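Here is the file data_36.cif (mmCIF, C-alpha atoms).
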```cif
data_protein
loop_
_atom_site.label_atom_id
_atom_site.label_comp_id
_atom_site.auth_asym_id
_atom_site.auth_seq_id
_atom_site.Cartn_x
_atom_site.Cartn_y
_atom_site.Cartn_z
CA PRO A 1 11.47 15.37 11.95
CA LEU A 2 12.76 13.29 9.03
CA PHE A 3 9.26 12.18 8.00
CA SER A 4 5.85 13.86 7.92
CA SER A 5 4.05 10.64 8.89
CA HIS A 6 4.68 7.25 10.46
CA MET A 7 2.76 3.98 10.19
CA LEU A 8 2.41 1.90 13.36
CA ASP A 9 1.05 -1.60 12.72
CA LEU A 10 -0.01 -3.31 15.94
CA SER A 11 -3.02 -4.98 14.35
CA GLU A 12 -2.03 -8.44 15.62
CA GLU A 13 -2.39 -7.21 19.20
CA PRO A 14 -5.72 -7.00 21.05
CA HIS A 15 -7.57 -3.89 19.88
CA GLU A 16 -7.44 -2.09 23.22
CA GLU A 17 -3.69 -2.66 23.53
CA ASN A 18 -3.13 -1.67 19.90
CA VAL A 19 -4.97 1.64 20.30
CA ALA A 20 -3.44 2.41 23.70
CA ILE A 21 0.12 2.00 22.43
CA CYS A 22 -0.71 4.08 19.34
CA ALA A 23 -1.95 6.82 21.65
CA GLU A 24 1.33 6.85 23.57
CA TYR A 25 3.34 7.29 20.39
CA PHE A 26 0.83 9.82 19.04
CA LYS A 27 1.27 12.04 22.09
CA LYS A 28 4.95 12.34 21.20
CA MET A 29 4.24 12.86 17.48
CA ALA A 30 1.50 15.46 17.79
CA PRO A 31 3.71 18.37 18.96
CA MET A 32 5.84 17.81 15.84
CA LYS A 33 2.72 17.73 13.64
CA ILE A 34 3.52 14.21 12.42
CA ILE A 35 0.65 12.14 11.04
CA LEU A 36 0.05 8.71 12.60
CA GLU A 37 -1.22 5.90 10.38
CA MET A 38 -2.53 3.07 12.54
CA GLU A 39 -4.05 -0.27 11.59
CA ILE A 40 -7.10 -1.87 13.19
CA GLY A 41 -8.00 -5.33 11.92
CA ILE A 42 -5.59 -7.64 10.12
CA THR A 43 -4.52 -7.46 6.48
CA GLY A 44 -4.31 -11.01 5.11
CA GLY A 45 -1.66 -12.57 2.89
CA VAL A 46 2.11 -12.49 3.36
CA GLU A 47 4.37 -9.45 3.73
CA ASP A 48 7.91 -9.03 5.05
CA GLY A 49 7.96 -12.60 6.36
CA VAL A 50 4.71 -12.24 8.31
CA ASP A 51 2.17 -14.82 7.13
CA ASN A 52 -1.48 -13.93 7.77
CA SER A 53 -2.83 -16.17 5.02
CA GLY A 54 -4.50 -18.51 7.52
CA VAL A 55 -6.01 -15.87 9.78
CA ALA A 56 -9.68 -16.25 10.77
CA LYS A 57 -11.90 -14.46 8.27
CA ASP A 58 -13.62 -12.32 10.92
CA LYS A 59 -10.22 -10.75 11.72
CA LEU A 60 -10.08 -9.40 8.16
CA TYR A 61 -13.02 -7.06 8.75
CA SER A 62 -13.07 -4.16 11.19
CA THR A 63 -16.28 -3.09 12.93
CA PRO A 64 -17.87 0.30 13.68
CA GLU A 65 -16.93 -0.25 17.31
CA ASP A 66 -13.27 -0.73 16.35
CA THR A 67 -13.03 2.52 14.43
CA GLU A 68 -15.01 4.43 17.06
CA LEU A 69 -12.54 3.22 19.71
CA VAL A 70 -9.68 4.62 17.61
CA TRP A 71 -11.48 7.93 17.18
CA ASN A 72 -12.37 8.34 20.83
CA THR A 73 -8.78 7.60 21.88
CA LEU A 74 -6.76 9.48 19.26
CA SER A 75 -8.87 12.50 18.30
CA PRO A 76 -8.43 14.23 21.69
CA ILE A 77 -4.67 14.13 21.06
CA SER A 78 -4.68 15.50 17.50
CA PRO A 79 -6.79 15.26 14.33
CA MET A 80 -3.69 14.22 12.35
CA PHE A 81 -4.22 10.46 12.15
CA THR A 82 -5.42 7.96 9.57
CA ILE A 83 -6.88 4.49 10.04
CA ALA A 84 -6.07 1.43 7.97
CA ALA A 85 -9.35 -0.30 8.76
CA ALA A 86 -9.71 -3.86 7.50
CA PHE A 87 -12.36 -4.64 4.91
CA GLY A 88 -11.08 -7.96 3.56
CA ASN A 89 -7.72 -6.58 2.40
CA VAL A 90 -4.79 -8.88 1.64
CA HIS A 91 -1.16 -8.30 0.77
CA GLY A 92 -0.29 -9.57 -2.71
CA VAL A 93 -2.35 -10.32 -5.81
CA TYR A 94 -4.65 -13.33 -6.10
CA LYS A 95 -7.01 -14.87 -8.63
CA PRO A 96 -10.41 -13.14 -8.92
CA GLY A 97 -12.85 -14.46 -6.33
CA ASN A 98 -10.21 -15.35 -3.75
CA VAL A 99 -10.35 -11.95 -2.09
CA LYS A 100 -13.67 -10.69 -0.67
CA LEU A 101 -13.16 -6.95 -0.44
CA GLN A 102 -16.00 -5.00 1.16
CA PRO A 103 -15.02 -1.32 0.79
CA GLU A 104 -18.61 -0.36 1.55
CA LEU A 105 -17.79 -1.17 5.18
CA LEU A 106 -15.78 2.05 5.31
CA ASP A 107 -18.90 4.02 4.51
CA SER A 108 -20.74 2.25 7.33
CA PHE A 109 -18.00 3.35 9.74
CA GLN A 110 -18.44 6.96 8.61
CA LYS A 111 -22.21 6.74 9.01
CA ASN A 112 -21.86 5.25 12.48
CA LEU A 113 -19.69 8.07 13.82
CA GLY A 114 -20.62 10.99 11.56
CA PRO A 115 -23.96 11.90 13.20
CA LYS A 116 -22.34 11.79 16.64
CA MET A 117 -19.63 14.21 15.52
CA GLY A 118 -21.87 16.48 13.49
CA TYR A 119 -20.20 16.02 10.12
CA GLU A 120 -20.50 13.47 7.36
CA LYS A 121 -17.07 11.85 7.15
CA PRO A 122 -14.91 12.18 10.26
CA PHE A 123 -12.45 9.43 9.27
CA PHE A 124 -9.46 9.48 6.93
CA PHE A 125 -8.91 5.86 5.86
CA VAL A 126 -5.94 4.05 4.34
CA PHE A 127 -6.46 1.21 1.84
CA HIS A 128 -3.87 -1.47 2.67
CA GLY A 129 -3.34 -4.31 0.20
CA GLY A 130 -4.62 -2.32 -2.78
CA SER A 131 -2.67 -4.23 -5.43
CA GLY A 132 -4.87 -6.05 -7.93
CA SER A 133 -8.05 -4.29 -6.80
CA GLU A 134 -10.85 -3.59 -9.25
CA LYS A 135 -11.39 0.02 -10.31
CA SER A 136 -14.91 -0.11 -8.86
CA GLU A 137 -13.58 -1.23 -5.48
CA ILE A 138 -11.07 1.61 -5.45
CA ALA A 139 -13.80 4.11 -6.38
CA THR A 140 -16.06 2.85 -3.60
CA ALA A 141 -13.23 3.11 -1.08
CA LEU A 142 -12.38 6.64 -2.22
CA SER A 143 -15.98 7.78 -1.87
CA ALA A 144 -15.95 6.43 1.71
CA GLY A 145 -12.96 8.51 2.79
CA VAL A 146 -9.81 6.69 1.67
CA ALA A 147 -6.95 9.19 1.50
CA LYS A 148 -4.09 6.75 0.73
CA MET A 149 -3.76 3.37 -0.95
CA ASN A 150 -0.83 0.93 -0.74
CA VAL A 151 0.10 -0.89 -3.97
CA ASP A 152 3.49 -2.34 -3.06
CA THR A 153 2.96 -5.69 -4.82
CA ASP A 154 1.91 -4.03 -8.07
CA THR A 155 4.91 -1.71 -8.03
CA GLN A 156 7.26 -4.61 -7.27
CA TRP A 157 5.91 -6.45 -10.31
CA ALA A 158 6.14 -3.33 -12.44
CA TYR A 159 9.83 -2.93 -11.53
CA TRP A 160 10.56 -6.57 -12.33
CA GLU A 161 8.57 -6.39 -15.58
CA GLY A 162 10.82 -3.63 -16.90
CA LEU A 163 13.87 -5.84 -16.39
CA LEU A 164 12.09 -8.87 -17.84
CA LYS A 165 11.14 -7.02 -21.03
CA PHE A 166 14.67 -5.66 -21.39
CA TYR A 167 16.17 -9.13 -21.04
CA LYS A 168 13.80 -10.67 -23.57
CA ALA A 169 14.50 -7.89 -26.06
CA LYS A 170 18.29 -8.02 -25.59
CA GLU A 171 18.80 -11.68 -24.66
CA GLY A 172 21.40 -12.26 -27.36
CA TYR A 173 23.54 -9.46 -25.94
CA LEU A 174 23.38 -10.70 -22.34
CA GLN A 175 25.03 -14.13 -22.55
CA GLY A 176 28.60 -12.97 -22.04
CA GLN A 177 30.80 -9.91 -21.93
CA ILE A 178 31.84 -10.41 -25.55
CA GLY A 179 29.93 -11.87 -28.47
CA ASN A 180 26.41 -11.12 -29.64
CA PRO A 181 24.20 -11.42 -32.74
CA GLU A 182 26.29 -8.69 -34.40
CA GLY A 183 29.58 -10.61 -34.10
CA GLU A 184 31.66 -12.90 -31.90
CA ASP A 185 34.03 -10.08 -30.98
CA LYS A 186 31.40 -7.45 -30.23
CA PRO A 187 31.34 -6.15 -26.59
CA ASN A 188 28.12 -6.13 -24.56
CA LYS A 189 28.97 -3.67 -21.83
CA SER A 190 26.33 -1.17 -22.88
CA TYR A 191 23.66 -3.88 -22.42
CA TYR A 192 24.59 -5.44 -19.08
CA ASP A 193 25.50 -2.11 -17.50
CA PRO A 194 23.07 -1.91 -14.53
CA ARG A 195 22.30 1.71 -15.37
CA LYS A 196 20.73 0.45 -18.58
CA TRP A 197 18.33 -2.17 -17.21
CA VAL A 198 17.63 -0.41 -13.91
CA ARG A 199 16.40 2.51 -15.99
CA CYS A 200 13.95 0.21 -17.79
CA SER A 201 12.66 -1.01 -14.42
CA GLU A 202 12.27 2.55 -13.20
CA GLU A 203 10.26 3.47 -16.30
CA THR A 204 7.75 0.62 -15.92
CA MET A 205 7.43 1.37 -12.20
CA ARG A 206 6.85 5.04 -13.03
CA ASP A 207 4.04 4.03 -15.39
CA ARG A 208 2.37 1.94 -12.66
CA VAL A 209 2.61 4.85 -10.21
CA ILE A 210 0.89 7.09 -12.77
CA ILE A 211 -1.96 4.56 -12.96
CA GLY A 212 -2.20 4.71 -9.17
CA TYR A 213 -2.43 8.49 -9.22
CA LYS A 214 -5.24 8.30 -11.78
CA ASP A 215 -7.06 5.63 -9.76
CA LEU A 216 -6.99 7.98 -6.77
CA ASN A 217 -8.15 10.95 -8.85
CA LYS A 218 -4.89 12.78 -8.20
CA SER A 219 -3.29 15.20 -10.63
CA LEU A 220 0.37 14.70 -11.54
#
```

Output the structure of this file as structure tokens.
Amino acid sequence: PLFSSHMLDLSEEPHEENVAICAEYFKKMAPMKIILEMEIGITGGVEDGVDNSGVAKDKLYSTPEDTELVWNTLSPISPMFTIAAAFGNVHGVYKPGNVKLQPELLDSFQKNLGPKMGYEKPFFFVFHGGSGSEKSEIATALSAGVAKMNVDTDTQWAYWEGLLKFYKAKEGYLQGQIGNPEGEDKPNKSYYDPRKWVRCSEETMRDRVIIGYKDLNKSL
């Protein structure tokens, strides 16, 4: 296989249909030892042209019954699956107070199923919409079994910020191919060369990824 895992987002479908379709794909993935990441409950906000900003608030929070349905359906196929359970997550970054994250819900899902399975934390969770989250929220989610966190919006901003800083620092050299603060006949190729400013974007994105690793208690 080209990839070690695949994410299948059918969260906008009825739960039973979502889980049933995931199971069909998972049966094909399991022999190849590919991890399935499925989503139960809707992540709010806007991503890839899909607008969930007006979704009913109750859809933003999964229930113990939701996650138990996933477990009962997928675990007989293979243990190699993760669940992006909803606990108020949204795509994007918003002003403080606009997002009501409840990562403690993940712990309640573990406590609901754990005694029935005979071990403390049967679930591996995925934290969708992690950009802009407080450190305490991330820590709570980690302690409840989060194994992966998505921070696409933060990394997009980090990439753009590298370019923005480069432009502000070199603005006088980026107004034309020839002519800059050092002289009207001075060439600017070494400044507008994409390899120059793309590198700056890559460096600021790298720095944001390092922060993510540290937030997840991962060594580099």

Q.
Given only C-alpha atoms as the basis, pick out the residue of A:Leu142, A:Leu60, A:Ile77, A:Ala158 nearest to Lys100 (chain A).
A.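 When distances to Lys100 (chain A) are compared using only C-alpha atoms, the smallest one comes from A:Leu60.
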
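Residue nearest Gln110 (chain A) within the list A:Tyr61, A:Phe125, A:Trp197, A:Trp160: A:Phe125 [criterion: smallest interatomic distance, all atoms listed in the file].
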
Please write out, as lines of an AutoDock Vina configuration file, where the centre of an axis-aligned box around all listed atoms of region 135-147 of chain A lies and how long its edges are, in Å to one decimal, after adding 5 Å on each side.
```
center_x = -11.5
center_y = 4.0
center_z = -3.8
size_x = 19.1
size_y = 20.4
size_z = 23.1
```

Q) Looking at A:Asp66, A:Glu13, A:Asp154, A:Asp215, which one is nearest to Ser136 (chain A), with distances taken over only C-alpha atoms? A)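 Among A:Asp66, A:Glu13, A:Asp154, A:Asp215, it is A:Asp215 that comes nearest to Ser136 (chain A).
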
Q. Hey, can you check how far CA of Gly132 (chain A) sits from CA of Val90 (chain A)?
A. 10.0 Å

Q | Counting only C-alpha atoms, the option among A:Lys111, A:His128, A:Lys165, A:Lys218 closest to Thr67 (chain A) | A | A:Lys111

Q: List, as a list in words, every residue that the PyMOL selection byres ((chain A and resi 1) around 9) selects in the file provided.
A: Leu2, Phe3, Ser4, Met32 and Ile34 of chain A

Q: Could you tell me how far CA of Lys28 (chain A) lies from CA of Thr82 (chain A), in Å and to one decimal?
A: 16.2 Å

Q: Provide the CA of Gly172 (chain A) to CA of Asn188 (chain A) distance in Å, to one decimal place.
A: 9.5 Å

Q. When distances are computed from all atoms listed in the file, which of A:Met205, A:Ala147, A:Leu10, A:Ala23 shows the smallest separation from Glu161 (chain A)?
A.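 Looking at the shortest contact to Glu161 (chain A), the residue is A:Met205.
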
Q: Using all atoms listed in the file, pick whichever of A:Gln175, A:Asn180, A:Ser133, A:Ser62 has the shortest atom-to-atom distance to Ala86 (chain A).
A: A:Ser62

Q: Carefully work through the PyMOL selection byres ((chain A and resi 103) around 8) for this structure and note down the residues it includes, as a PyMOL selection string.
A: chain A and resi 87+101-102+104-107+137-138+140-141+144

Q.
Evaluate the PyMOL selection byres ((chain A and resi 81) around 8) against this structure - the residues, as JSON, numbers by chain, please.
A. {"A": [35, 36, 37, 38, 74, 75, 78, 79, 80, 82, 83, 124]}

(Q) Taking (-2.6, 3.4, 3.8) as a centre in this file's frame and 7 Å as the limit, can you find every polymer residue with an atom that close, using only C-alpha atoms, and give them as JSON, numbers by chain? (A) {"A": [84, 126, 127, 128, 148, 149, 150]}

Q | Spatial neighbours of Thr73 (chain A), 9 Å, only C-alpha atoms, chain gap at least 5 places, as a PyMOL selection string | A | chain A and resi 19-20+23+68

Grab the residues selected above and save them as an mmCIF file, in the coordinates of the input with C-alpha atoms.
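Listing of selection_21.cif after writing:
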```cif
data_model
loop_
_atom_site.group_PDB
_atom_site.id
_atom_site.type_symbol
_atom_site.label_atom_id
_atom_site.label_comp_id
_atom_site.auth_asym_id
_atom_site.auth_seq_id
_atom_site.Cartn_x
_atom_site.Cartn_y
_atom_site.Cartn_z
ATOM 1 C CA VAL A 19 -4.970 1.640 20.300
ATOM 2 C CA ALA A 20 -3.440 2.410 23.700
ATOM 3 C CA ALA A 23 -1.950 6.820 21.650
ATOM 4 C CA GLU A 68 -15.010 4.430 17.060
#
```
